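Structure file my_file_31.txt (compact mmCIF, C-alpha atoms and all ligand atoms) is printed below.
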```
# COMPACT_ATOMS: atom_id res chain seq x y z
CA MET X 1 0.00 0.00 0.00
CA ASN X 2 1.21 3.49 -0.80
CA LEU X 3 1.33 5.45 2.46
CA SER X 4 2.67 8.59 0.86
CA LEU X 5 0.28 11.53 0.51
CA GLU X 6 2.19 12.84 -2.50
CA GLY X 7 -0.14 14.16 -5.17
CA ARG X 8 -2.86 14.79 -2.60
CA THR X 9 -4.15 18.10 -1.28
CA TYR X 10 -5.55 18.74 2.20
CA VAL X 11 -7.22 21.77 3.75
CA VAL X 12 -6.11 22.51 7.31
CA MET X 13 -8.42 24.89 9.18
CA GLY X 14 -7.47 26.42 12.52
CA VAL X 15 -3.74 27.11 12.75
CA ALA X 16 -3.43 30.06 15.15
CA ASN X 17 0.21 29.60 16.16
CA LYS X 18 2.92 26.98 16.50
CA ARG X 19 1.15 25.35 19.45
CA SER X 20 -2.09 24.78 17.53
CA ILE X 21 -3.15 21.17 17.07
CA ALA X 22 -3.83 22.09 13.44
CA TRP X 23 -0.13 22.90 13.07
CA GLY X 24 0.81 19.45 14.38
CA ILE X 25 -1.55 17.96 11.79
CA ALA X 26 -0.14 20.17 9.03
CA ARG X 27 3.41 19.03 9.80
CA SER X 28 2.51 15.34 9.78
CA LEU X 29 0.64 15.66 6.47
CA HIS X 30 3.49 17.69 5.00
CA GLU X 31 6.06 15.08 6.03
CA ALA X 32 3.91 12.48 4.27
CA GLY X 33 4.20 14.53 1.06
CA ALA X 34 0.82 16.29 1.02
CA ARG X 35 0.16 19.66 -0.51
CA LEU X 36 -1.46 21.94 2.10
CA ILE X 37 -4.09 24.63 2.02
CA PHE X 38 -4.51 26.70 5.17
CA THR X 39 -7.57 28.67 6.20
CA TYR X 40 -7.55 31.15 9.08
CA ALA X 41 -10.22 33.10 10.94
CA SER X 42 -9.01 36.64 10.28
CA GLU X 43 -6.01 38.67 9.15
CA ARG X 44 -4.83 38.63 12.78
CA PHE X 45 -3.94 34.95 12.31
CA GLY X 46 -3.03 35.17 8.62
CA LYS X 47 0.47 36.50 9.24
CA SER X 48 1.49 33.77 11.70
CA VAL X 49 -0.03 30.99 9.55
CA LYS X 50 1.93 32.20 6.53
CA GLU X 51 5.15 32.49 8.55
CA LEU X 52 4.73 28.98 9.95
CA ALA X 53 3.86 27.46 6.59
CA GLY X 54 6.95 29.18 5.18
CA THR X 55 9.07 26.89 7.38
CA LEU X 56 7.75 23.80 5.56
CA GLU X 57 10.21 22.80 2.89
CA GLY X 58 9.07 21.75 -0.55
CA GLN X 59 5.64 22.46 -1.90
CA GLU X 60 4.14 25.94 -1.69
CA SER X 61 1.03 26.15 0.47
CA LEU X 62 -2.09 28.16 -0.30
CA PHE X 63 -3.92 30.47 2.15
CA TYR X 64 -7.49 31.67 2.48
CA GLU X 65 -9.24 33.74 5.12
CA CYS X 66 -12.41 31.98 6.29
CA ASP X 67 -14.46 33.01 9.31
CA VAL X 68 -16.68 29.97 9.91
CA THR X 69 -19.48 32.05 11.42
CA ASN X 70 -20.12 33.42 7.93
CA ASP X 71 -21.81 31.05 5.43
CA GLU X 72 -20.89 33.22 2.46
CA ALA X 73 -17.24 33.23 3.51
CA ILE X 74 -17.25 29.43 3.73
CA ILE X 75 -18.87 29.02 0.30
CA HIS X 76 -16.57 31.62 -1.24
CA THR X 77 -13.46 30.02 0.28
CA PHE X 78 -14.20 26.58 -1.15
CA GLU X 79 -15.20 28.03 -4.53
CA GLN X 80 -11.83 29.80 -4.58
CA ILE X 81 -10.02 26.61 -3.59
CA GLN X 82 -11.84 24.72 -6.36
CA GLN X 83 -10.79 27.35 -8.90
CA ASP X 84 -7.19 27.33 -7.67
CA VAL X 85 -6.52 23.60 -7.15
CA GLY X 86 -9.56 21.70 -8.42
CA VAL X 87 -9.67 18.59 -6.26
CA ILE X 88 -8.97 18.15 -2.55
CA HIS X 89 -8.56 14.85 -0.72
CA GLY X 90 -9.29 15.82 2.84
CA LEU X 91 -9.94 18.49 5.38
CA ALA X 92 -8.92 18.94 9.02
CA HIS X 93 -11.43 21.04 10.99
CA CYS X 94 -9.57 22.23 14.12
CA ILE X 95 -11.82 25.09 15.19
CA ALA X 96 -13.55 25.89 18.46
CA PHE X 97 -14.55 28.90 20.51
CA ALA X 98 -16.49 29.65 23.69
CA ASN X 99 -16.66 32.80 25.79
CA ARG X 100 -13.95 32.61 28.42
CA GLU X 101 -16.28 33.56 31.29
CA GLU X 102 -18.36 30.43 30.58
CA LEU X 103 -15.36 28.10 30.90
CA LYS X 104 -15.39 28.26 34.69
CA GLY X 105 -17.85 27.74 37.49
CA GLU X 106 -21.15 26.00 36.90
CA PHE X 107 -22.59 25.00 33.52
CA LEU X 108 -25.92 26.04 34.98
CA ASN X 109 -24.97 29.68 34.39
CA THR X 110 -24.41 29.30 30.64
CA SER X 111 -26.05 32.21 28.81
CA ARG X 112 -28.16 31.77 25.69
CA ASP X 113 -25.67 33.84 23.75
CA GLY X 114 -22.73 31.80 25.07
CA PHE X 115 -24.52 28.55 24.26
CA LEU X 116 -25.23 29.65 20.68
CA THR X 117 -21.76 31.08 20.08
CA ALA X 118 -20.05 27.86 21.20
CA HIS X 119 -22.33 25.71 19.04
CA ASN X 120 -22.10 28.02 16.06
CA ILE X 121 -18.30 28.09 15.87
CA SER X 122 -17.37 24.75 17.43
CA SER X 123 -20.08 22.46 16.07
CA TYR X 124 -22.22 23.83 13.23
CA SER X 125 -19.14 24.97 11.33
CA LEU X 126 -18.21 21.33 10.63
CA THR X 127 -21.47 20.76 8.76
CA ALA X 128 -21.23 24.04 6.83
CA VAL X 129 -17.63 23.32 5.88
CA ALA X 130 -18.31 19.68 4.91
CA ARG X 131 -21.15 20.81 2.62
CA ALA X 132 -18.93 23.38 0.90
CA ALA X 133 -16.00 20.97 0.60
CA GLN X 134 -17.94 17.99 -0.73
CA PRO X 135 -17.97 19.09 -4.40
CA LEU X 136 -14.16 19.31 -4.29
CA MET X 137 -13.82 15.70 -3.12
CA GLY X 138 -14.78 13.98 -6.35
CA GLU X 139 -11.99 11.43 -5.84
CA GLY X 140 -13.29 10.62 -2.34
CA GLY X 141 -11.93 12.17 0.81
CA SER X 142 -11.42 12.25 4.54
CA ILE X 143 -12.82 14.90 6.86
CA LEU X 144 -11.45 15.11 10.36
CA THR X 145 -12.60 17.17 13.32
CA MET X 146 -11.13 17.65 16.80
CA THR X 147 -13.13 16.74 19.85
CA TYR X 148 -12.56 16.25 23.58
CA LEU X 149 -13.60 13.92 26.41
CA GLY X 150 -15.70 16.77 27.85
CA GLY X 151 -18.31 15.94 25.20
CA GLU X 152 -18.73 12.40 26.59
CA GLN X 153 -18.32 12.98 30.31
CA VAL X 154 -18.50 15.94 32.64
CA VAL X 155 -15.16 17.72 32.85
CA GLU X 156 -15.04 20.51 35.41
CA ASN X 157 -14.97 24.03 33.89
CA TYR X 158 -15.29 22.72 30.30
CA ASN X 159 -19.01 23.46 30.54
CA ILE X 160 -20.52 24.77 27.30
CA MET X 161 -17.58 23.49 25.24
CA GLY X 162 -18.43 19.98 26.46
CA VAL X 163 -22.00 20.34 25.27
CA ALA X 164 -20.80 21.77 21.95
CA LYS X 165 -18.37 18.84 21.56
CA ALA X 166 -21.24 16.37 22.13
CA SER X 167 -23.08 18.16 19.32
CA LEU X 168 -19.95 18.06 17.16
CA ASP X 169 -19.51 14.31 17.77
CA ALA X 170 -23.11 13.64 16.73
CA SER X 171 -22.77 15.91 13.67
CA MET X 172 -19.64 13.99 12.67
CA LYS X 173 -21.61 10.72 12.70
CA TYR X 174 -24.55 12.11 10.70
CA LEU X 175 -22.14 13.60 8.17
CA ALA X 176 -20.32 10.26 7.92
CA ASN X 177 -23.64 8.63 7.11
CA ASP X 178 -24.54 11.22 4.45
CA LEU X 179 -21.15 11.41 2.79
CA GLY X 180 -20.21 7.72 2.76
CA LYS X 181 -21.93 7.25 -0.61
CA HIS X 182 -19.48 9.77 -2.07
CA ASN X 183 -16.55 7.82 -0.60
CA ILE X 184 -15.97 10.62 1.87
CA ARG X 185 -15.15 9.51 5.40
CA VAL X 186 -15.75 11.69 8.46
CA ASN X 187 -14.04 11.04 11.80
CA ALA X 188 -12.96 12.80 14.97
CA ILE X 189 -9.84 12.70 17.09
CA SER X 190 -10.47 13.13 20.79
CA ALA X 191 -7.18 14.60 21.96
CA GLY X 192 -5.96 14.69 25.52
CA PRO X 193 -5.25 18.18 26.87
CA ILE X 194 -2.50 20.06 25.05
CA ARG X 195 -1.35 23.57 26.00
CA THR X 196 -2.70 25.75 23.17
CA LEU X 197 -4.27 29.20 22.88
CA SER X 198 -7.76 27.70 23.22
CA ALA X 199 -6.79 25.50 26.17
CA LYS X 200 -5.61 28.60 28.04
CA GLY X 201 -9.24 29.71 28.17
CA VAL X 202 -10.27 26.72 30.30
CA SER X 203 -9.87 27.38 34.06
CA ASP X 204 -7.52 25.15 36.08
CA PHE X 205 -5.93 23.65 32.95
CA ASN X 206 -2.76 22.88 34.97
CA LYS X 207 -4.78 20.68 37.33
CA VAL X 208 -6.08 18.70 34.35
CA ILE X 209 -2.53 18.03 33.18
CA GLU X 210 -1.55 16.87 36.70
CA GLU X 211 -4.50 14.48 36.69
CA ILE X 212 -3.36 13.06 33.33
CA GLU X 213 0.17 12.52 34.66
CA ARG X 214 -1.23 10.73 37.69
CA ARG X 215 -4.00 8.61 36.18
CA ALA X 216 -3.64 8.15 32.41
CA PRO X 217 -2.20 4.73 31.46
CA LEU X 218 0.72 6.46 29.71
CA HIS X 219 1.17 8.93 32.66
CA ARG X 220 1.92 11.90 30.42
CA PRO X 221 0.06 14.37 28.24
CA VAL X 222 -0.01 13.67 24.52
CA THR X 223 1.78 15.86 22.00
CA GLN X 224 0.75 17.79 18.90
CA GLU X 225 2.90 15.34 16.90
CA GLU X 226 0.98 12.33 18.21
CA VAL X 227 -2.33 13.91 17.22
CA GLY X 228 -0.80 14.90 13.87
CA ASP X 229 0.27 11.33 13.13
CA THR X 230 -3.23 10.00 13.91
CA ALA X 231 -4.56 12.63 11.53
CA TYR X 232 -2.12 11.29 8.92
CA TYR X 233 -3.55 7.80 9.48
CA LEU X 234 -7.09 9.16 9.04
CA MET X 235 -6.13 11.01 5.86
CA SER X 236 -4.28 8.02 4.41
CA ASP X 237 -5.55 4.81 2.84
CA LEU X 238 -4.63 2.92 6.02
CA SER X 239 -7.95 4.08 7.49
CA ARG X 240 -10.00 3.53 4.32
CA GLY X 241 -12.55 1.38 6.19
CA VAL X 242 -12.98 3.82 9.10
CA THR X 243 -15.75 6.41 9.23
CA GLY X 244 -18.02 7.89 11.89
CA GLU X 245 -15.41 7.08 14.54
CA VAL X 246 -13.97 8.99 17.51
CA ILE X 247 -10.34 7.98 18.02
CA HIS X 248 -8.97 8.88 21.44
CA VAL X 249 -5.39 10.14 21.35
CA ASP X 250 -5.20 10.78 25.07
CA GLY X 251 -2.67 8.36 26.56
CA GLY X 252 -5.61 6.15 27.48
CA PHE X 253 -7.12 8.59 29.99
CA SER X 254 -10.68 8.04 28.77
CA ILE X 255 -10.67 4.34 29.81
CA VAL X 256 -9.89 4.98 33.48
CA ALA X 257 -12.83 5.39 35.86
CA TYR X 258 -10.96 6.06 39.14
P1 LIG X 301 -6.05 26.88 18.91
O1 LIG X 301 -6.48 28.08 19.67
O2 LIG X 301 -4.65 26.84 18.46
O3 LIG X 301 -7.01 26.63 17.66
C1 LIG X 301 -8.36 27.02 17.63
C2 LIG X 301 -8.59 27.66 16.27
O4 LIG X 301 -9.97 27.97 16.09
C3 LIG X 301 -7.79 28.96 16.11
O5 LIG X 301 -6.97 28.88 14.96
C4 LIG X 301 -8.90 29.99 15.89
O6 LIG X 301 -8.52 31.05 15.03
C5 LIG X 301 -9.99 29.12 15.26
N1 LIG X 301 -11.28 29.80 15.25
C6 LIG X 301 -11.99 30.29 16.31
N2 LIG X 301 -13.08 30.94 15.86
C7 LIG X 301 -13.07 30.84 14.48
C8 LIG X 301 -13.90 31.32 13.45
N3 LIG X 301 -15.00 32.05 13.72
N4 LIG X 301 -13.58 31.03 12.16
C9 LIG X 301 -12.48 30.31 11.87
N5 LIG X 301 -11.63 29.84 12.81
C10 LIG X 301 -11.92 30.12 14.10
O7 LIG X 301 -6.37 25.66 19.90
P2 LIG X 301 -6.34 24.08 19.68
O8 LIG X 301 -6.30 23.52 21.04
O9 LIG X 301 -5.31 23.71 18.69
O10 LIG X 301 -7.80 23.78 19.11
C11 LIG X 301 -8.05 23.07 17.90
C12 LIG X 301 -9.20 22.09 18.12
O11 LIG X 301 -8.76 21.04 18.98
C13 LIG X 301 -10.44 22.69 18.77
O12 LIG X 301 -11.58 22.11 18.22
C14 LIG X 301 -10.28 22.25 20.22
O13 LIG X 301 -11.51 22.21 20.92
C15 LIG X 301 -9.74 20.87 19.98
N6 LIG X 301 -9.14 20.21 21.14
C16 LIG X 301 -8.16 20.83 21.85
C17 LIG X 301 -7.61 20.19 22.95
C18 LIG X 301 -6.53 20.86 23.76
O14 LIG X 301 -6.30 20.46 24.91
N7 LIG X 301 -5.84 21.85 23.25
C19 LIG X 301 -8.05 18.92 23.31
C20 LIG X 301 -9.03 18.30 22.55
C21 LIG X 301 -9.58 18.96 21.47
```
Translate this structure into structure tokens?
Ligand code: NAD
Amino acid sequence: MNLSLEGRTYVVMGVANKRSIAWGIARSLHEAGARLIFTYASERFGKSVKELAGTLEGQESLFYECDVTNDEAIIHTFEQIQQDVGVIHGLAHCIAFANREELKGEFLNTSRDGFLTAHNISSYSLTAVARAAQPLMGEGGSILTMTYLGGEQVVENYNIMGVAKASLDASMKYLANDLGKHNIRVNAISAGPIRTLSAKGVSDFNKVIEEIERRAPLHRPVTQEEVGDTAYYLMSDLSRGVTGEVIHVDGGFSIVAY
């Protein structure tokens, strides 16, 4: 089997800086020979994405601004990508947002606005993006999103993001069911906690890491590279029979009850 991604093109959404999980995914796909297309939320992130991508040797990457709260922007972005490259073979959706003040204390206090914002950006965007990307995946494809244990079980302070992740996980499965007939697979990676810009927003993040070191079977947090390599597996033909699945890359933490 050919494990190289040479000749294939993947869209990576959500690189904010070098700590972003999306950047770990981009590096793994790049090492496997893929051509990369980056999308970013706003010009604020555009500069750092372009600088980071500039450190990847070999193929030139392409860049598009795409705020996923805006349907027109999503449609326009994928129309542009279609014009510029034609076919894509996969997409990594690494996007989430919740108001910081709702990532502490009790879930009970979640505001309507906070609830909708978290679902809009962190969950609905996957469906909107998958719909826009589908016409570009005429050769089949693999769509990947990033989820977290807080969507399956209660994680203190994760609150509205946990509820949005549960919605994202369910969306991933419904999309897998719809898109399977087009030979497009849809899966999620449930990553253990990694220190990123988004993770900083969750209160007591350090305590979570300590808990991982104490109780996870591997007794250490996972790395961006480990998530990136699982993304490579999901984008490659090795995973050709896998769709609608949540793969935990968390050092085994999710299997431990006490
Ligand atoms: P990050 O802050 O580096 O990435 C989040 C990205 O979402 C940023 O690039 C940001 O610009 C983008 N984004 C936010 N609003 C957007 C919008 N309106 N339009 C387009 N993009 C927007 O943090 P990360 O931890 O790498 O997060 C990536 C994904 O991984 C998220 O879904 C997150 O929930 C998930 N995840 C993170 C962890 C962790 O511990 N870091 C664990 C499990 C899952």
Just need the box for range 184-199 of chain X, edges along x, y and z, holding every atom the file lists for it with 6 Å tacked onto each side, so centre and edge lengths in Å to one decimal, as lines of an AutoDock Vina configuration file.
```
center_x = -8.7
center_y = 19.4
center_z = 14.4
size_x = 26.6
size_y = 31.7
size_z = 37.0
```
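Relative to CA of Met13 in chain X, CA of Val242 in chain X is found at 21.6 Å.
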Residues within 6 Å of ligand LIG 301 (chain X) (all atoms listed in the file), as a PyMOL selection string?
chain X and resi 14-16+20-22+40-41+66-69+94-97+121+146-148+190-199
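Across X:Asn187, X:Ser122, X:Ser48, X:Ser4, the tightest approach to Asn17 in chain X is made by X:Ser48 when counting all atoms listed in the file.
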CA of Thr39 in chain X to CA of Glu226 in chain X: how many Å, to one decimal?
22.0 Å
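Picture a line from CA of Thr77 in chain X to CA of Tyr64 in chain X; it runs 6.6 Å.
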Contacts of range 28-34 of chain X at 7 Å (only C-alpha atoms; same-chain gap of 5+ positions) as a PyMOL selection string
chain X and resi 4-10+228-229+232
Polymer residues at most 12 Å from Leu56 in chain X, all atoms listed in the file, same-chain spacing of 2 or more positions, as an mmCIF file with C-alpha atoms, in the frame of the given file:
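To be explicit, this is the file written out as selection.cif:
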```cif
data_model
loop_
_atom_site.group_PDB
_atom_site.id
_atom_site.type_symbol
_atom_site.label_atom_id
_atom_site.label_comp_id
_atom_site.auth_asym_id
_atom_site.auth_seq_id
_atom_site.Cartn_x
_atom_site.Cartn_y
_atom_site.Cartn_z
ATOM 1 C CA TRP X 23 -0.130 22.900 13.070
ATOM 2 C CA ALA X 26 -0.140 20.170 9.030
ATOM 3 C CA ARG X 27 3.410 19.030 9.800
ATOM 4 C CA SER X 28 2.510 15.340 9.780
ATOM 5 C CA LEU X 29 0.640 15.660 6.470
ATOM 6 C CA HIS X 30 3.490 17.690 5.000
ATOM 7 C CA GLU X 31 6.060 15.080 6.030
ATOM 8 C CA GLY X 33 4.200 14.530 1.060
ATOM 9 C CA ALA X 34 0.820 16.290 1.020
ATOM 10 C CA ARG X 35 0.160 19.660 -0.510
ATOM 11 C CA LEU X 36 -1.460 21.940 2.100
ATOM 12 C CA VAL X 49 -0.030 30.990 9.550
ATOM 13 C CA LYS X 50 1.930 32.200 6.530
ATOM 14 C CA GLU X 51 5.150 32.490 8.550
ATOM 15 C CA LEU X 52 4.730 28.980 9.950
ATOM 16 C CA ALA X 53 3.860 27.460 6.590
ATOM 17 C CA GLY X 54 6.950 29.180 5.180
ATOM 18 C CA GLY X 58 9.070 21.750 -0.550
ATOM 19 C CA GLN X 59 5.640 22.460 -1.900
ATOM 20 C CA GLU X 60 4.140 25.940 -1.690
ATOM 21 C CA SER X 61 1.030 26.150 0.470
#
```
Find the residues of range 145-207 of chain X that sit at most 12 Å from range 89-93 of chain X; for each, write down the nearest two atoms and how far apart they are in Å, to one decimal. Count all atoms listed in the file. Sort by chain, then by number going up, and give it as CSV.
```
residue,atom,partner,partner_atom,distance
X:Thr145,CA,X:His93,CA,4.7
X:Met146,CA,X:His93,CA,6.7
X:Thr147,CA,X:His93,CA,10.0
X:Leu168,CA,X:His93,CA,10.9
X:Met172,CA,X:His93,CA,11.0
X:Asn183,CA,X:His89,CA,10.6
X:Ile184,CA,X:Gly90,CA,8.5
X:Arg185,CA,X:Gly90,CA,9.0
X:Val186,CA,X:Leu91,CA,9.5
X:Asn187,CA,X:Ala92,CA,9.8
X:Ala188,CA,X:His93,CA,9.3
X:Ile189,CA,X:Ala92,CA,10.2
```
Counting all atoms listed in the file, what is within 8 Å of Leu175 in chain X, bar same-chain residues fewer than 6 positions away, as number ranges by chain?
X: 127, 130, 186, 244
Counting all atoms listed in the file, the option among X:Thr243, X:Ser254, X:Ser203, X:Asn109 closest to Gly141 in chain X:
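Closest to Gly141 in chain X, using all atoms listed in the file: X:Thr243.
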Can you fill out range 48-83 of chain X with N, CA and C atoms and hand it back as a short mmCIF file (atom, residue, chain, number, x, y, z; two decimals), keeping the file's coordinate frame?
```cif
data_model
loop_
_atom_site.label_atom_id
_atom_site.label_comp_id
_atom_site.auth_asym_id
_atom_site.auth_seq_id
_atom_site.Cartn_x
_atom_site.Cartn_y
_atom_site.Cartn_z
N SER X 48 0.75 34.86 11.04
CA SER X 48 1.49 33.77 11.70
C SER X 48 1.33 32.45 10.93
N VAL X 49 0.15 32.22 10.34
CA VAL X 49 -0.03 30.99 9.55
C VAL X 49 0.95 30.99 8.37
N LYS X 50 1.05 32.15 7.70
CA LYS X 50 1.93 32.20 6.53
C LYS X 50 3.39 32.03 6.94
N GLU X 51 3.77 32.64 8.08
CA GLU X 51 5.15 32.49 8.55
C GLU X 51 5.46 31.03 8.88
N LEU X 52 4.53 30.38 9.59
CA LEU X 52 4.73 28.98 9.95
C LEU X 52 4.82 28.10 8.71
N ALA X 53 3.88 28.29 7.81
CA ALA X 53 3.86 27.46 6.59
C ALA X 53 5.13 27.68 5.78
N GLY X 54 5.70 28.87 5.89
CA GLY X 54 6.95 29.18 5.18
C GLY X 54 8.11 28.32 5.66
N THR X 55 7.99 27.74 6.86
CA THR X 55 9.07 26.89 7.38
C THR X 55 8.99 25.46 6.82
N LEU X 56 7.89 25.15 6.14
CA LEU X 56 7.75 23.80 5.56
C LEU X 56 8.50 23.77 4.23
N GLU X 57 9.43 22.84 4.13
CA GLU X 57 10.21 22.80 2.89
C GLU X 57 9.46 22.06 1.79
N GLY X 58 9.69 22.47 0.58
CA GLY X 58 9.07 21.75 -0.55
C GLY X 58 7.93 22.53 -1.13
N GLN X 59 6.77 21.88 -1.17
CA GLN X 59 5.64 22.46 -1.90
C GLN X 59 5.13 23.77 -1.28
N GLU X 60 4.74 24.67 -2.14
CA GLU X 60 4.14 25.94 -1.69
C GLU X 60 2.73 25.67 -1.17
N SER X 61 2.39 26.29 -0.06
CA SER X 61 1.03 26.15 0.47
C SER X 61 0.16 27.29 -0.06
N LEU X 62 -1.15 27.11 0.08
CA LEU X 62 -2.09 28.16 -0.30
C LEU X 62 -2.82 28.63 0.95
N PHE X 63 -3.32 29.87 0.95
CA PHE X 63 -3.92 30.47 2.15
C PHE X 63 -5.22 31.18 1.80
N TYR X 64 -6.20 30.99 2.68
CA TYR X 64 -7.49 31.67 2.48
C TYR X 64 -8.04 32.10 3.83
N GLU X 65 -8.57 33.31 3.89
CA GLU X 65 -9.24 33.74 5.12
C GLU X 65 -10.65 33.15 5.12
N CYS X 66 -11.07 32.57 6.23
CA CYS X 66 -12.41 31.98 6.29
C CYS X 66 -12.93 31.99 7.73
N ASP X 67 -13.80 32.95 8.00
CA ASP X 67 -14.46 33.01 9.31
C ASP X 67 -15.66 32.06 9.24
N VAL X 68 -15.65 31.02 10.05
CA VAL X 68 -16.68 29.97 9.91
C VAL X 68 -18.05 30.37 10.48
N THR X 69 -18.16 31.59 11.01
CA THR X 69 -19.48 32.05 11.42
C THR X 69 -20.25 32.62 10.22
N ASN X 70 -19.55 32.74 9.09
CA ASN X 70 -20.12 33.42 7.93
C ASN X 70 -20.29 32.41 6.77
N ASP X 71 -21.55 32.06 6.47
CA ASP X 71 -21.81 31.05 5.43
C ASP X 71 -21.24 31.47 4.08
N GLU X 72 -21.39 32.77 3.78
CA GLU X 72 -20.89 33.22 2.46
C GLU X 72 -19.38 33.06 2.38
N ALA X 73 -18.71 33.36 3.49
CA ALA X 73 -17.24 33.23 3.51
C ALA X 73 -16.84 31.77 3.28
N ILE X 74 -17.57 30.85 3.90
CA ILE X 74 -17.25 29.43 3.73
C ILE X 74 -17.44 29.02 2.27
N ILE X 75 -18.58 29.39 1.70
CA ILE X 75 -18.87 29.02 0.30
C ILE X 75 -17.82 29.63 -0.62
N HIS X 76 -17.54 30.91 -0.40
CA HIS X 76 -16.57 31.62 -1.24
C HIS X 76 -15.19 30.97 -1.14
N THR X 77 -14.80 30.62 0.08
CA THR X 77 -13.46 30.02 0.28
C THR X 77 -13.33 28.74 -0.53
N PHE X 78 -14.33 27.87 -0.45
CA PHE X 78 -14.20 26.58 -1.15
C PHE X 78 -14.37 26.74 -2.66
N GLU X 79 -15.14 27.75 -3.08
CA GLU X 79 -15.20 28.03 -4.53
C GLU X 79 -13.82 28.48 -5.02
N GLN X 80 -13.18 29.33 -4.22
CA GLN X 80 -11.83 29.80 -4.58
C GLN X 80 -10.85 28.63 -4.64
N ILE X 81 -10.93 27.76 -3.63
CA ILE X 81 -10.02 26.61 -3.59
C ILE X 81 -10.25 25.74 -4.83
N GLN X 82 -11.53 25.55 -5.18
CA GLN X 82 -11.84 24.72 -6.36
C GLN X 82 -11.24 25.35 -7.63
N GLN X 83 -11.37 26.66 -7.72
CA GLN X 83 -10.79 27.35 -8.90
C GLN X 83 -9.28 27.18 -8.92
#
```
